[in-house]
$ cat query-v5.txt   # compact mmCIF, C-alpha atoms
# COMPACT_ATOMS: atom_id res chain seq x y z
CA MET O 237 0.00 0.00 0.00
CA CYS O 238 1.35 3.42 -0.83
CA THR O 239 2.08 5.99 1.86
CA VAL O 240 0.68 8.94 -0.13
CA CYS O 241 -2.99 8.05 -0.05
CA GLY O 242 -3.31 4.39 0.86
CA CYS O 243 -4.00 3.23 -2.68
CA ASN O 244 -2.76 -0.03 -4.10
CA GLU O 245 0.43 0.97 -5.91
CA SER O 246 0.32 -2.06 -8.14
CA GLU O 247 -2.77 -0.59 -9.79
CA THR O 248 -1.72 3.04 -9.89
CA HIS O 249 1.78 4.31 -10.26
CA VAL O 250 3.42 7.43 -11.44
CA SER O 251 5.34 6.07 -14.39
CA ALA O 252 2.38 4.47 -16.16
CA ILE O 253 -1.21 4.72 -15.19
CA ASN O 254 -2.66 2.80 -18.04
CA LYS O 255 -5.13 0.38 -16.55
CA PRO O 256 -8.81 1.15 -16.36
CA LEU O 257 -10.44 0.75 -12.99
CA HIS O 258 -12.36 -2.46 -12.49
CA TYR O 259 -15.09 -2.91 -9.96
CA GLY O 260 -17.43 -5.56 -8.74
CA GLN O 261 -15.40 -8.47 -9.98
CA GLY O 262 -15.09 -10.14 -6.61
CA SER O 263 -17.88 -11.95 -4.80
CA ALA O 264 -20.51 -9.87 -3.00
CA HIS O 265 -19.62 -9.73 0.68
CA ALA O 266 -22.44 -7.63 2.01
CA HIS O 267 -25.71 -9.35 2.69
CA ALA O 268 -28.37 -7.34 4.43
CA PRO O 269 -31.53 -9.33 5.17
CA GLY O 270 -34.75 -7.46 4.65
CA LEU O 271 -33.14 -4.84 2.43
CA SER O 272 -33.72 -6.48 -0.91
CA GLN O 273 -36.63 -4.22 -1.85
CA GLN O 274 -36.04 -1.21 -3.99
CA ARG O 275 -35.53 2.02 -2.10
CA MET O 276 -34.14 5.49 -2.62
CA VAL O 277 -30.81 6.67 -1.25
CA GLN O 278 -29.89 10.36 -1.18
CA ILE O 279 -26.15 10.69 -1.47
CA GLU O 280 -25.34 14.17 -2.85
CA LYS O 281 -21.76 13.38 -3.84
CA ASP O 282 -19.57 15.50 -6.06
CA ILE O 283 -18.36 13.25 -8.84
CA LEU O 284 -14.91 14.84 -8.78
CA GLY O 285 -14.94 15.03 -4.97
CA LYS O 286 -12.24 12.41 -4.63
CA ASN O 287 -9.92 14.37 -6.92
CA ASP O 288 -10.67 17.52 -4.94
CA ARG O 289 -9.72 15.80 -1.68
CA TYR O 290 -6.39 14.68 -3.16
CA ALA O 291 -5.89 18.21 -4.49
CA GLN O 292 -6.44 19.67 -1.02
CA ALA O 293 -3.88 17.24 0.40
CA ASN O 294 -1.40 18.29 -2.30
CA ARG O 295 -2.09 21.97 -1.57
CA GLU O 296 -1.41 21.44 2.13
CA ARG O 297 1.78 19.57 1.38
CA LEU O 298 2.95 22.33 -0.97
CA ARG O 299 2.07 24.96 1.60
CA GLN O 300 4.18 23.19 4.21
CA ALA O 301 7.06 23.00 1.73
CA GLY O 302 6.61 26.71 0.91
CA GLN O 303 6.20 25.97 -2.78
CA LEU O 304 4.51 28.13 -5.37
CA CYS O 305 2.85 25.61 -7.65
CA ILE O 306 1.98 26.63 -11.21
CA ASN O 307 -0.10 24.36 -13.44
CA LEU O 308 0.72 25.08 -17.10
CA VAL O 309 -2.09 24.16 -19.47
CA SER O 310 -2.48 24.56 -23.22
CA SER O 311 -3.20 22.74 -26.43
CA PRO O 312 -0.39 20.55 -27.83
CA GLY O 313 2.28 22.54 -29.63
CA SER O 314 1.70 25.92 -27.96
CA GLY O 315 5.32 26.01 -26.83
CA LYS O 316 4.74 25.05 -23.19
CA THR O 317 7.90 23.02 -22.87
CA THR O 318 10.02 25.68 -24.59
CA LEU O 319 8.54 28.41 -22.38
CA LEU O 320 9.17 26.24 -19.34
CA SER O 321 12.74 25.34 -20.22
CA GLU O 322 13.58 29.00 -21.03
CA THR O 323 11.99 30.03 -17.71
CA LEU O 324 14.06 27.47 -15.85
CA GLU O 325 17.24 28.64 -17.61
CA CYS O 326 16.55 32.16 -16.32
CA LEU O 327 15.71 31.12 -12.75
CA VAL O 328 18.00 28.17 -12.11
CA GLY O 329 20.56 28.89 -9.41
CA THR O 330 18.53 31.80 -8.00
CA ILE O 331 15.59 29.90 -6.50
CA PRO O 332 14.80 26.20 -5.99
CA LEU O 333 12.87 24.72 -8.91
CA ALA O 334 11.18 21.43 -9.71
CA VAL O 335 8.97 20.14 -12.51
CA ILE O 336 6.26 17.52 -12.95
CA GLU O 337 5.84 16.69 -16.62
CA GLY O 338 2.57 15.21 -17.79
CA ASP O 339 2.24 13.51 -21.16
CA GLN O 340 0.32 10.57 -22.46
CA GLN O 341 3.53 8.77 -23.38
CA THR O 342 7.33 9.23 -23.54
CA SER O 343 9.67 10.95 -21.13
CA ASN O 344 11.05 13.31 -23.80
CA ASP O 345 9.86 16.44 -21.99
CA ALA O 346 11.27 15.44 -18.60
CA GLU O 347 14.61 14.80 -20.31
CA ARG O 348 14.46 18.27 -21.90
CA ILE O 349 13.81 19.76 -18.49
CA ARG O 350 16.53 17.76 -16.72
CA ALA O 351 18.98 19.12 -19.30
CA THR O 352 18.51 22.52 -17.61
CA GLY O 353 19.67 20.99 -14.30
CA VAL O 354 16.26 21.12 -12.67
CA PRO O 355 14.81 17.94 -11.10
CA ALA O 356 11.86 16.68 -13.14
CA ILE O 357 9.58 13.70 -12.90
CA GLN O 358 7.58 12.41 -15.82
CA VAL O 359 4.01 11.24 -15.30
CA ASN O 360 2.60 9.27 -18.19
CA THR O 361 -1.15 9.27 -18.09
CA GLY O 362 -1.45 6.31 -20.46
CA LYS O 363 -4.97 6.49 -21.82
CA GLY O 364 -5.74 9.55 -19.72
CA CYS O 365 -6.28 12.97 -21.21
CA HIS O 366 -5.27 14.97 -18.11
CA LEU O 367 -3.24 14.82 -14.92
CA ASP O 368 -5.29 14.30 -11.77
CA ALA O 369 -4.48 15.16 -8.18
CA HIS O 370 -3.80 11.54 -7.27
CA MET O 371 -1.03 11.24 -9.88
CA VAL O 372 0.46 14.54 -8.75
CA GLY O 373 0.42 13.35 -5.11
CA HIS O 374 2.57 10.37 -6.11
CA ALA O 375 4.90 12.57 -8.12
CA LEU O 376 5.29 14.95 -5.14
CA ALA O 377 6.35 12.05 -2.96
CA LYS O 378 9.23 11.32 -5.33
CA LEU O 379 10.34 14.84 -6.13
CA PRO O 380 12.88 16.67 -3.98
CA LEU O 381 11.29 20.02 -3.06
CA ALA O 382 13.62 22.59 -1.50
CA GLU O 383 11.85 25.27 0.56
CA HIS O 384 10.49 28.46 -0.99
CA GLY O 385 10.82 27.29 -4.57
CA ILE O 386 8.57 27.07 -7.58
CA LEU O 387 7.07 23.80 -8.73
CA PHE O 388 5.86 23.79 -12.31
CA ILE O 389 3.39 21.19 -13.47
CA GLU O 390 3.28 20.89 -17.24
CA ASN O 391 -0.10 19.34 -17.89
CA VAL O 392 -1.02 17.12 -20.81
CA GLY O 393 -1.47 19.21 -23.97
CA ASN O 394 -5.25 19.46 -24.03
CA LEU O 395 -7.43 22.55 -23.76
CA VAL O 396 -10.46 20.65 -22.49
CA CYS O 397 -10.04 18.08 -19.73
CA PRO O 398 -7.31 19.57 -17.49
CA ALA O 399 -9.67 22.49 -16.78
CA ALA O 400 -11.82 20.34 -14.54
CA PHE O 401 -9.05 18.81 -12.42
CA ASP O 402 -7.64 20.75 -9.50
CA LEU O 403 -4.13 19.44 -8.83
CA GLY O 404 -3.52 21.54 -5.73
CA GLU O 405 -1.80 24.32 -7.66
CA ALA O 406 -1.83 28.00 -6.72
CA HIS O 407 -2.55 29.13 -10.29
CA LYS O 408 -3.47 27.63 -13.61
CA VAL O 409 -1.64 29.45 -16.39
CA VAL O 410 -2.97 28.92 -19.89
CA ILE O 411 -0.57 29.31 -22.79
CA LEU O 412 -1.96 30.22 -26.18
CA SER O 413 0.33 30.58 -29.17
CA ILE O 414 -0.55 33.02 -31.91
CA THR O 415 -0.38 30.27 -34.53
CA GLU O 416 -3.55 28.82 -33.02
CA GLY O 417 -6.21 31.41 -33.85
CA GLU O 418 -7.63 34.15 -31.67
CA ASP O 419 -10.95 32.45 -30.97
CA LYS O 420 -9.50 29.64 -28.83
CA PRO O 421 -10.85 31.25 -25.62
CA LEU O 422 -14.38 30.97 -27.02
CA LYS O 423 -13.88 27.51 -28.43
CA TYR O 424 -12.45 26.18 -25.16
CA PRO O 425 -14.02 28.48 -22.57
CA ASP O 426 -13.66 26.20 -19.53
CA MET O 427 -9.89 26.37 -19.61
CA PHE O 428 -9.77 30.15 -19.92
CA ALA O 429 -12.34 30.43 -17.14
CA ALA O 430 -10.17 28.26 -14.86
CA ALA O 431 -6.88 30.12 -15.54
CA ASP O 432 -5.59 33.18 -13.67
CA LEU O 433 -3.13 34.16 -16.39
CA MET O 434 -3.06 33.80 -20.18
CA VAL O 435 0.40 33.81 -21.72
CA ILE O 436 0.23 34.59 -25.43
CA ASN O 437 3.29 32.85 -26.83
CA LYS O 438 5.26 32.90 -30.11
CA MET O 439 4.93 36.69 -30.38
CA ASP O 440 8.03 36.69 -32.63
CA LEU O 441 5.81 35.23 -35.38
CA GLN O 442 3.35 38.11 -35.30
CA PRO O 443 4.63 39.82 -38.49
CA TYR O 444 3.86 36.65 -40.46
CA LEU O 445 0.37 35.99 -39.12
CA ASP O 446 -3.06 37.62 -39.11
CA PHE O 447 -3.57 36.97 -35.42
CA ASP O 448 -5.78 39.68 -33.91
CA LEU O 449 -4.30 40.15 -30.44
CA ASP O 450 -6.91 42.56 -29.09
CA ARG O 451 -9.74 40.35 -30.24
CA CYS O 452 -8.11 37.32 -28.58
CA ILE O 453 -7.75 39.18 -25.27
CA GLY O 454 -11.35 40.40 -25.59
CA TYR O 455 -12.57 36.83 -26.06
CA ALA O 456 -10.59 35.63 -23.05
CA ARG O 457 -12.07 38.40 -20.89
CA ARG O 458 -15.58 37.54 -22.05
CA VAL O 459 -15.06 34.13 -20.51
CA ASN O 460 -13.03 35.34 -17.55
CA PRO O 461 -13.19 39.11 -16.86
CA GLU O 462 -10.34 38.85 -14.34
CA ILE O 463 -7.78 36.93 -16.42
CA GLU O 464 -4.36 38.57 -16.61
CA VAL O 465 -2.55 38.61 -19.96
CA LEU O 466 1.14 38.56 -20.89
CA ARG O 467 2.68 38.56 -24.37
CA VAL O 468 5.77 36.45 -24.67
CA SER O 469 8.12 34.85 -27.13
CA ALA O 470 9.99 32.07 -25.40
CA ARG O 471 12.18 31.86 -28.49
CA SER O 472 13.25 35.49 -28.83
CA GLY O 473 12.97 36.33 -25.13
CA GLU O 474 10.42 39.10 -25.74
CA GLY O 475 8.17 39.56 -22.72
CA MET O 476 10.07 37.02 -20.63
CA ASP O 477 10.92 39.61 -17.97
CA ALA O 478 7.25 40.36 -17.33
CA TRP O 479 6.54 36.63 -17.02
CA LEU O 480 9.46 36.14 -14.60
CA ASP O 481 8.25 39.17 -12.59
CA TRP O 482 4.76 37.69 -12.45
CA LEU O 483 6.20 34.46 -11.02
CA GLN O 484 8.45 36.26 -8.51
CA LEU O 485 5.57 38.43 -7.32
CA ARG O 486 3.36 35.38 -6.70
CA ARG O 487 6.20 33.61 -4.94
CA GLN O 488 6.94 36.59 -2.71
CA SER O 489 3.32 37.08 -1.75
CA LEU O 490 3.14 33.40 -0.86
CA LEU O 491 6.24 33.76 1.33
CA CYS O 492 4.82 36.89 3.00
CA SER O 493 1.54 35.11 3.72
CA GLN O 494 3.48 32.39 5.54
CA LEU O 495 5.49 34.69 7.77
CA MET I 230 -14.65 15.76 -22.04
CA HIS I 231 -13.31 12.69 -20.23
CA GLU I 232 -16.84 11.27 -19.92
CA MET I 233 -15.35 7.79 -19.54
CA SER I 234 -13.31 8.73 -16.49
CA ILE I 235 -16.29 10.60 -15.01
CA CYS I 236 -18.30 7.38 -15.36
CA GLU I 237 -15.51 5.40 -13.71
CA ARG I 238 -15.71 7.82 -10.76
CA ILE I 239 -19.49 7.50 -10.60
CA VAL I 240 -19.29 3.70 -10.49
CA GLN I 241 -16.51 3.97 -7.89
CA VAL I 242 -18.67 6.20 -5.67
CA LEU I 243 -21.63 3.82 -6.04
CA GLU I 244 -19.43 0.88 -5.00
CA GLU I 245 -18.27 2.79 -1.91
CA GLN I 246 -21.81 3.86 -1.05
CA ALA I 247 -23.00 0.25 -1.34
CA ARG I 248 -21.07 -0.52 1.84
CA THR I 249 -22.41 2.52 3.71
CA HIS I 250 -26.02 2.13 2.62
CA CYS I 251 -26.12 -1.69 2.35
CA TYR I 252 -27.39 -2.27 -1.16
CA GLN I 253 -26.48 -4.87 -3.73
CA ARG I 254 -27.76 -3.36 -6.95
CA VAL I 255 -28.27 0.10 -8.30
CA LYS I 256 -31.42 0.36 -10.42
CA LYS I 257 -31.36 4.04 -11.24
CA VAL I 258 -29.00 6.97 -10.72
CA TRP I 259 -29.93 10.67 -10.69
CA LEU I 260 -27.11 12.96 -11.70
CA GLU I 261 -27.10 16.73 -11.56
CA ILE I 262 -25.04 18.14 -14.43
CA GLY I 263 -24.93 21.84 -15.13
CA PRO I 264 -24.60 23.28 -18.64
CA LEU I 265 -21.14 24.66 -17.73
CA ALA I 266 -19.75 21.39 -16.33
CA GLY I 267 -18.13 20.57 -19.68
CA VAL I 268 -19.89 17.22 -19.95
CA GLU I 269 -21.38 15.93 -23.19
CA LEU I 270 -24.51 14.12 -22.05
CA GLU I 271 -24.75 11.68 -24.95
CA ALA I 272 -21.13 10.64 -24.48
CA LEU I 273 -21.79 10.27 -20.76
CA ARG I 274 -24.78 7.95 -21.33
CA PHE I 275 -22.75 5.85 -23.73
CA SER I 276 -19.76 5.62 -21.37
CA PHE I 277 -21.94 4.87 -18.36
CA GLU I 278 -23.42 1.80 -19.98
CA VAL I 279 -19.97 0.51 -20.91
CA VAL I 280 -18.29 1.26 -17.55
CA ALA I 281 -21.21 -0.16 -15.53
CA ARG I 282 -20.91 -3.60 -17.14
CA GLY I 283 -19.86 -6.26 -14.64
CA THR I 284 -20.52 -3.99 -11.64
CA LEU I 285 -23.42 -3.57 -9.24
CA THR I 286 -24.53 -0.67 -11.45
CA GLU I 287 -24.89 -2.79 -14.61
CA GLY I 288 -28.09 -1.99 -16.48
CA ALA I 289 -28.99 0.91 -14.17
CA GLY I 290 -31.05 3.73 -15.63
CA LEU I 291 -29.51 7.19 -15.81
CA GLU I 292 -31.59 10.28 -15.10
CA ILE I 293 -29.94 13.64 -15.67
CA ILE I 294 -31.15 16.75 -13.91
CA GLN I 295 -29.93 19.91 -15.65
CA PRO I 296 -29.92 22.96 -13.41
CA PRO I 297 -29.83 26.32 -15.22
CA GLY I 298 -26.60 28.29 -15.63
CA GLU I 299 -26.46 31.51 -13.64
CA ALA I 300 -23.99 34.35 -13.33
CA TRP I 301 -23.68 37.55 -11.34
CA CYS I 302 -23.45 40.54 -13.67
CA LEU I 303 -21.03 43.06 -12.15
CA THR I 304 -22.52 45.83 -14.29
CA CYS I 305 -26.22 45.18 -13.56
CA ASP I 306 -25.47 44.00 -10.03
CA LYS I 307 -27.88 41.08 -10.32
CA LEU I 308 -28.17 37.37 -11.13
CA VAL I 309 -28.80 36.54 -14.78
CA ALA I 310 -29.33 33.32 -16.74
CA ILE I 311 -26.55 32.05 -19.03
CA ARG I 312 -26.12 28.93 -21.13
CA GLU I 313 -22.43 29.15 -22.01
CA ARG I 314 -19.37 30.62 -20.32
CA PHE I 315 -18.95 33.13 -23.13
CA ASP I 316 -22.57 34.34 -23.05
CA SER I 317 -23.13 38.03 -22.58
CA CYS I 318 -25.46 39.45 -19.95
CA PRO I 319 -29.04 39.21 -21.32
CA GLU I 320 -29.82 42.56 -19.67
CA CYS I 321 -26.88 44.84 -20.54
CA GLY I 322 -25.03 42.83 -23.21
CA GLY I 323 -21.76 43.08 -21.27
CA TYR I 324 -19.33 40.34 -20.35
CA ARG I 325 -18.52 41.26 -16.77
CA LEU I 326 -20.10 38.05 -15.52
CA ARG I 327 -19.07 35.84 -12.65
CA VAL I 328 -20.52 32.35 -12.93
CA THR I 329 -22.44 31.38 -9.78
CA SER I 330 -24.19 28.19 -10.85
CA GLY I 331 -24.13 25.73 -13.71
CA ASP I 332 -20.94 23.74 -13.20
CA GLN I 333 -22.56 21.12 -10.97
CA LEU I 334 -21.33 17.57 -11.44
CA ARG I 335 -23.02 15.58 -8.69
CA ILE I 336 -24.69 12.29 -7.91
CA LYS I 337 -28.01 13.28 -6.29
CA GLU I 338 -29.78 10.06 -5.44
CA LEU I 339 -30.12 6.41 -6.22
CA GLN I 340 -32.79 3.79 -6.50
CA VAL I 341 -31.26 0.62 -5.07
CA GLU I 342 -32.13 -2.84 -3.86

$ encode --input "query-v5.txt" --output "structure tokens"
Amino acid sequence: MCTVCGCNESETHVSAINKPLHYGQGSAHAHAPGLSQQRMVQIEKDILGKNDRYAQANRERLRQAGQLCINLVSSPGSGKTTLLSETLECLVGTIPLAVIEGDQQTSNDAERIRATGVPAIQVNTGKGCHLDAHMVGHALAKLPLAEHGILFIENVGNLVCPAAFDLGEAHKVVILSITEGEDKPLKYPDMFAAADLMVINKMDLQPYLDFDLDRCIGYARRVNPEIEVLRVSARSGEGMDAWLDWLQLRRQSLLCSQL
Amino acid sequence: MHEMSICERIVQVLEEQARTHCYQRVKKVWLEIGPLAGVELEALRFSFEVVARGTLTEGAGLEIIQPPGEAWCLTCDKLVAIRERFDSCPECGGYRLRVTSGDQLRIKELQVE
């Protein structure tokens, strides 16, 4: 039995969670005489309640470790991993950093991150389309977290499902690259509603594209009037300072709140 | 989105509740799913039937209660009805809306034996 949550580790593990859950295959143990007639049971259970409990446990653990946890979400190919590795290059040596990499398969991204000298753990979701708080709990148990650092979670590239799963992070940050089209916030509103910050990436390509930046920001604010917006090119470095400042500010306010 | 894994969670909750409430079969399940929960109901019905096979929920009927979506309009200072996250306020046409209801994803009640 695992020490994170008491689950059976043979069924669920960080490196490959690829087996569907199976229920009711054993013999029925409960026999309650006189209760065979049909009846109504009120249960009022949140379907994602179990995930939310794991997420709360992760949040508490991160709070105790003084970690700012950022959950990076986007569609595949938005430049998340490049933005992340450039961010780590800028911050490494100044503050403690760690990364949880989520992908359906391969450990390519974790290897890219480790090349920057930052500890990274790869979580392969197998058939899954998103990271959940249970997987992240297992990853946290294996990842060395130095105090007062930043933990980045790079979620599976998917603008739909990761919106619904709280991992215990402080902020969801959605990355949208300008090669994707300005109406993504309307097409995938749940993700932009769940995020605190939208990073518009690949700004160096703007001269070659018809991307309407103001319209994109307008769409995002229709869905989420409070969303903050930064314009960045991870490749050219444009806007990276504002992004690093955003992170440092969040980290400092977290530290101040813990004093 | 991820209707299959939502159904796996539902069946998991029903298995857990079977111990608490001492039942052996689930005949019908009432779910409350808001229009902003990001769940495609047809995909959910399909997945539910598949996931329930071989469990105490096999063959159970699925009833879906759909509460209305609601948001607080910061401009009008009142509750208004919405159907999508990107809807504008039906009163003022603005987008300064804070969603207050409509993302429910809950199991309400069960008919069991």

$ closest_atom_pairs --input "query-v5.txt" --of "chain O" --to "chain I" --cutoff "6 Å" --atoms "all atoms listed in the file" --output "JSON lines"
{"residue": "O:Tyr259", "atom": "CA", "partner": "I:Thr284", "partner_atom": "CA", "distance": 5.8}
{"residue": "O:Gly260", "atom": "CA", "partner": "I:Thr284", "partner_atom": "CA", "distance": 4.5}
{"residue": "O:Ser272", "atom": "CA", "partner": "I:Glu342", "partner_atom": "CA", "distance": 4.9}
{"residue": "O:Gln273", "atom": "CA", "partner": "I:Glu342", "partner_atom": "CA", "distance": 5.1}
{"residue": "O:Gln274", "atom": "CA", "partner": "I:Glu342", "partner_atom": "CA", "distance": 4.2}
{"residue": "O:Arg275", "atom": "CA", "partner": "I:Val341", "partner_atom": "CA", "distance": 5.4}
{"residue": "O:Met276", "atom": "CA", "partner": "I:Gln340", "partner_atom": "CA", "distance": 4.4}
{"residue": "O:Val277", "atom": "CA", "partner": "I:Leu339", "partner_atom": "CA", "distance": 5.0}
{"residue": "O:Gln278", "atom": "CA", "partner": "I:Glu338", "partner_atom": "CA", "distance": 4.3}
{"residue": "O:Ile279", "atom": "CA", "partner": "I:Glu338", "partner_atom": "CA", "distance": 5.4}
{"residue": "O:Glu280", "atom": "CA", "partner": "I:Lys337", "partner_atom": "CA", "distance": 4.4}
{"residue": "O:Lys281", "atom": "CA", "partner": "I:Ile336", "partner_atom": "CA", "distance": 5.1}
{"residue": "O:Asp282", "atom": "CA", "partner": "I:Arg335", "partner_atom": "CA", "distance": 4.3}
{"residue": "O:Ile283", "atom": "CA", "partner": "I:Arg335", "partner_atom": "CA", "distance": 5.2}
{"residue": "O:Cys397", "atom": "CA", "partner": "I:Met230", "partner_atom": "CA", "distance": 5.7}
{"residue": "O:Arg458", "atom": "CA", "partner": "I:Tyr324", "partner_atom": "CA", "distance": 5.0}
{"residue": "O:Val459", "atom": "CA", "partner": "I:Phe315", "partner_atom": "CA", "distance": 4.8}
{"residue": "O:Pro461", "atom": "CA", "partner": "I:Arg325", "partner_atom": "CA", "distance": 5.7}

$ atom_distance --input "query-v5.txt" --atom1 "CA of Pro319 in chain I" --atom2 "CA of Lys423 in chain O"
20.4 Å

$ axis_aligned_box --input "query-v5.txt" --around "range 297-313 of chain I" --padding-each-side "6 Å" --output "JSON"
{"center_x": -25.4, "center_y": 36.1, "center_z": -16.0, "size_x": 20.8, "size_y": 31.5, "size_z": 24.0}

$ closest_residue --input "query-v5.txt" --among "O:Asp345, O:Arg297, O:Cys365, O:Ile306" --to "Trp482 in chain O" --atoms "only C-alpha atoms"
O:Ile306

$ atom_distance --input "query-v5.txt" --atom1 "CA of Asn360 in chain O" --atom2 "CA of Glu337 in chain O"
8.2 Å

$ residues_around --input "query-v5.txt" --residues "Leu449 in chain O" --least-positions-apart "3" --cutoff "7 Å" --atoms "all atoms listed in the file" --output "PDB file with C-alpha atoms, in the coordinates of the input"
ATOM      1  CA  GLU O 418      -7.630  34.150 -31.670  1.00  0.00           C
ATOM      2  CA  CYS O 452      -8.110  37.320 -28.580  1.00  0.00           C
ATOM      3  CA  ILE O 453      -7.750  39.180 -25.270  1.00  0.00           C
TER       4      ILE O 453
END

$ closest_residue --input "query-v5.txt" --among "O:Glu462, O:Asp432, O:Glu325, O:Glu347" --to "Val309 in chain O" --atoms "all atoms listed in the file"
O:Asp432
